[in-house]
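**Q** Got a structure for you, written out below as structure tokens; questions coming shortly.
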Amino acid sequence: MSFPPPPYPPYPAPRPVPRRPLGAVFAVAAGLLLAVAVAVNGLLFFGMAFAGDSCGTSAGTARFCDDSGVWILVAMLGPWVALGVAVVTVVLGAVQVRRPWTFLAVGVLVYAAGPALALFTVFG
């Protein structure tokens with residue numbers, strides 16, 4: 001005695017599509033943080049263009065006002081380099097490691113080092 005085969009539907013049941021609402025939230029959060037970082041870098045770049053005016057007075061720092069100009073370049077371009085490294089960190093963390101929120105926090109910390117270095121360079 002054999003049992004009849006179970007009734008199968010004529011087509012396979014559709015798979016549920018995985019929803020990723022957090023992906024959209026991550027994209028919006030990363031975009032907003034990037035916009036804020038670009039605005040901060042623009043303001044710092046504008047401020048650093050005039051920071052050398054205090055050289056030769058008592059307000060200028062010895063590190064920033066040396067004749068080589070290296071620290072002026074560090075102060076002007078450091079935040080942009082830090083932003084680039086932070087963007088690469090976030091993208092690699094989201095795509096390769098698949099831990100976007102963790103690497104977004106790491107990217108924010110990496111970026112914060114750039115403006116901190118610029119402000120430390122100018123104000124000592």
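Naming scheme: A, B, ... for chains in displayed order of the structure tokens; residues 1 onward per chain; ligands 1 onward as shown.
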Do a neighbour search on Trp71 in chain A at 12 Å with only C-alpha atoms, toss out local chain neighbours closer than 6 positions, and write the hits as a VMD selection string.
**A** chain A and resid 48 51 to 52 61 to 65 77 to 78 117 to 124
**Q** Keeping only all heavy atoms, write the selected residues to a file as a short mmCIF file (atom, residue, chain, number, x, y, z; two decimals), in the first residue's frame.
**A**
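Result file is result09.cif:
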```
data_model
loop_
_atom_site.label_atom_id
_atom_site.label_comp_id
_atom_site.auth_asym_id
_atom_site.auth_seq_id
_atom_site.Cartn_x
_atom_site.Cartn_y
_atom_site.Cartn_z
N MET A 48 40.90 79.13 7.44
CA MET A 48 42.35 78.91 7.34
C MET A 48 42.99 79.82 6.29
O MET A 48 44.18 80.09 6.35
CB MET A 48 42.66 77.45 7.00
CG MET A 48 42.28 76.47 8.07
SD MET A 48 43.02 76.87 9.65
CE MET A 48 41.87 76.11 10.74
N ALA A 51 43.91 82.65 8.45
CA ALA A 51 44.58 82.37 9.73
C ALA A 51 46.02 82.84 9.72
O ALA A 51 46.58 83.18 10.76
CB ALA A 51 44.51 80.87 10.04
N GLY A 52 46.63 82.88 8.56
CA GLY A 52 48.02 83.34 8.49
C GLY A 52 48.19 84.83 8.70
O GLY A 52 49.31 85.32 8.83
N THR A 61 50.68 81.41 16.37
CA THR A 61 51.40 80.32 17.02
C THR A 61 52.67 80.02 16.24
O THR A 61 52.72 80.18 15.02
CB THR A 61 50.53 79.04 17.08
OG1 THR A 61 50.18 78.67 15.75
CG2 THR A 61 49.28 79.27 17.89
N ALA A 62 53.70 79.58 16.96
CA ALA A 62 54.99 79.33 16.32
C ALA A 62 54.89 78.18 15.31
O ALA A 62 55.51 78.21 14.25
CB ALA A 62 56.03 79.01 17.39
N ARG A 63 54.11 77.18 15.60
CA ARG A 63 53.97 76.03 14.71
C ARG A 63 53.32 76.45 13.39
O ARG A 63 53.76 76.07 12.32
CB ARG A 63 53.15 74.94 15.38
CG ARG A 63 53.00 73.72 14.53
CD ARG A 63 52.12 72.64 15.16
NE ARG A 63 52.23 72.53 16.59
CZ ARG A 63 51.27 72.90 17.45
NH1 ARG A 63 50.14 73.40 17.02
NH2 ARG A 63 51.42 72.75 18.74
N PHE A 64 52.27 77.22 13.49
CA PHE A 64 51.52 77.62 12.29
C PHE A 64 52.25 78.68 11.49
O PHE A 64 52.11 78.74 10.27
CB PHE A 64 50.13 78.12 12.70
CG PHE A 64 49.21 78.35 11.55
CD1 PHE A 64 48.65 77.29 10.87
CD2 PHE A 64 48.91 79.63 11.13
CE1 PHE A 64 47.81 77.50 9.80
CE2 PHE A 64 48.06 79.85 10.07
CZ PHE A 64 47.51 78.78 9.40
N CYS A 65 53.03 79.50 12.15
CA CYS A 65 53.65 80.63 11.46
C CYS A 65 55.10 80.37 11.06
O CYS A 65 55.83 81.33 10.77
CB CYS A 65 53.59 81.86 12.37
SG CYS A 65 51.90 82.43 12.66
N LEU A 77 44.22 71.39 4.31
CA LEU A 77 43.86 70.17 3.59
C LEU A 77 43.61 68.97 4.50
O LEU A 77 43.05 67.97 4.05
CB LEU A 77 44.95 69.83 2.57
CG LEU A 77 45.22 70.91 1.53
CD1 LEU A 77 46.36 70.51 0.62
CD2 LEU A 77 43.98 71.22 0.74
N GLY A 78 44.02 69.05 5.75
CA GLY A 78 43.83 67.93 6.68
C GLY A 78 42.38 67.50 6.84
O GLY A 78 42.08 66.30 6.79
N LEU A 117 42.82 68.27 14.15
CA LEU A 117 44.21 68.55 13.79
C LEU A 117 44.37 69.96 13.26
O LEU A 117 45.32 70.66 13.61
CB LEU A 117 44.69 67.53 12.75
CG LEU A 117 46.10 67.75 12.21
CD1 LEU A 117 47.12 67.51 13.31
CD2 LEU A 117 46.37 66.83 11.03
N ALA A 118 43.41 70.42 12.46
CA ALA A 118 43.48 71.78 11.92
C ALA A 118 43.38 72.82 13.03
O ALA A 118 44.17 73.78 13.06
CB ALA A 118 42.38 71.99 10.90
N LEU A 119 42.46 72.63 13.93
CA LEU A 119 42.30 73.60 15.02
C LEU A 119 43.48 73.56 15.98
O LEU A 119 43.93 74.59 16.48
CB LEU A 119 40.99 73.35 15.75
CG LEU A 119 39.74 73.63 14.91
CD1 LEU A 119 38.49 73.23 15.67
CD2 LEU A 119 39.69 75.08 14.50
N PHE A 120 44.03 72.37 16.23
CA PHE A 120 45.22 72.27 17.08
C PHE A 120 46.41 72.93 16.42
O PHE A 120 47.25 73.54 17.10
CB PHE A 120 45.51 70.80 17.39
CG PHE A 120 46.76 70.60 18.19
CD1 PHE A 120 46.78 70.92 19.53
CD2 PHE A 120 47.92 70.11 17.60
CE1 PHE A 120 47.95 70.75 20.28
CE2 PHE A 120 49.06 69.92 18.34
CZ PHE A 120 49.08 70.26 19.68
N THR A 121 46.50 72.83 15.10
CA THR A 121 47.61 73.45 14.38
C THR A 121 47.57 74.97 14.50
O THR A 121 48.59 75.61 14.69
CB THR A 121 47.56 73.04 12.89
OG1 THR A 121 47.65 71.62 12.80
CG2 THR A 121 48.69 73.65 12.12
N VAL A 122 46.38 75.53 14.39
CA VAL A 122 46.26 76.97 14.41
C VAL A 122 46.34 77.53 15.83
O VAL A 122 47.06 78.48 16.11
CB VAL A 122 44.95 77.42 13.74
CG1 VAL A 122 44.74 78.92 13.89
CG2 VAL A 122 44.96 77.04 12.28
N PHE A 123 45.60 76.92 16.74
CA PHE A 123 45.49 77.48 18.07
C PHE A 123 46.45 76.87 19.08
O PHE A 123 46.50 77.31 20.21
CB PHE A 123 44.05 77.36 18.59
CG PHE A 123 43.09 78.13 17.74
CD1 PHE A 123 42.13 77.47 17.00
CD2 PHE A 123 43.14 79.51 17.68
CE1 PHE A 123 41.25 78.18 16.21
CE2 PHE A 123 42.27 80.23 16.90
CZ PHE A 123 41.31 79.56 16.15
N GLY A 124 47.17 75.85 18.70
CA GLY A 124 48.21 75.25 19.52
C GLY A 124 47.70 74.55 20.70
O GLY A 124 48.20 74.28 21.68
#
```
**Q** Please list as a list in words every residue within 7 Å of range 89-97 of chain A, counting only C-alpha atoms and excluding residues in the same chain fewer than 6 positions away.
**A** Phe103, Leu104 and Gly107 of chain A
**Q** Kindly save the residues from that selection, with N, CA, C and O atoms included, as a CSV table (one decimal), in the first residue's frame.
**A**
```
chain,number,residue,atom,x,y,z
A,103,PHE,N,30.6,51.0,11.2
A,103,PHE,CA,31.6,51.7,10.4
A,103,PHE,C,31.2,53.2,10.2
A,103,PHE,O,32.1,54.0,9.9
A,104,LEU,N,30.0,53.5,10.3
A,104,LEU,CA,29.5,54.9,10.2
A,104,LEU,C,30.1,55.6,11.5
A,104,LEU,O,30.6,56.8,11.4
A,107,GLY,N,33.8,56.0,11.0
A,107,GLY,CA,34.0,57.1,10.0
A,107,GLY,C,33.8,58.5,10.6
A,107,GLY,O,34.6,59.4,10.3
```
**Q** Could you pull out the alpha helix (DSSP H) residues of chain A from DSSP and send them as a ChimeraX atom specification?
**A** /A:21-51,70-92,100-123
**Q** For Val38 in chain A, which of A:Leu73, A:Ala24, A:Ala82, A:Val110 is the closest residue, counting only C-alpha atoms?
**A**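 Among the listed residues, the smallest separation from Val38 in chain A belongs to A:Ala82.
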**Q** In terms of the shortest atom-to-atom distance over only C-alpha atoms, which of A:Pro21, A:Pro5, A:Gly47, A:Gly84 is closest to Ile72 in chain A?
**A**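 Under the stated criterion, the closest residue is A:Gly47.
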**Q** Give me the residues within 9 Å of Asn41 in chain A as a PyMOL selection string, counting only C-alpha atoms and dropping any in the same chain fewer than 4 places off.
**A** chain A and resi 36-37+45-46+76+79-80+83+115
**Q** Restricting the calculation to only C-alpha atoms: of A:Ala30, A:Val70, A:Ala49, A:Val40, which residue gets closest to Ala86 in chain A?
**A**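 Ranked by minimum distance to Ala86 in chain A, first place goes to A:Ala30.
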**Q** Could you jot down the CA of Leu44 in chain A to CA of Val108 in chain A separation for me, Å, one decimal place?
**A**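 Answer for the CA of Leu44 in chain A to CA of Val108 in chain A separation: 17.0 Å.
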**Q** Which distance in Å separates CA of Leu22 in chain A and CA of Ala113 in chain A, to one decimal?
**A**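 It comes out at 27.4 Å.
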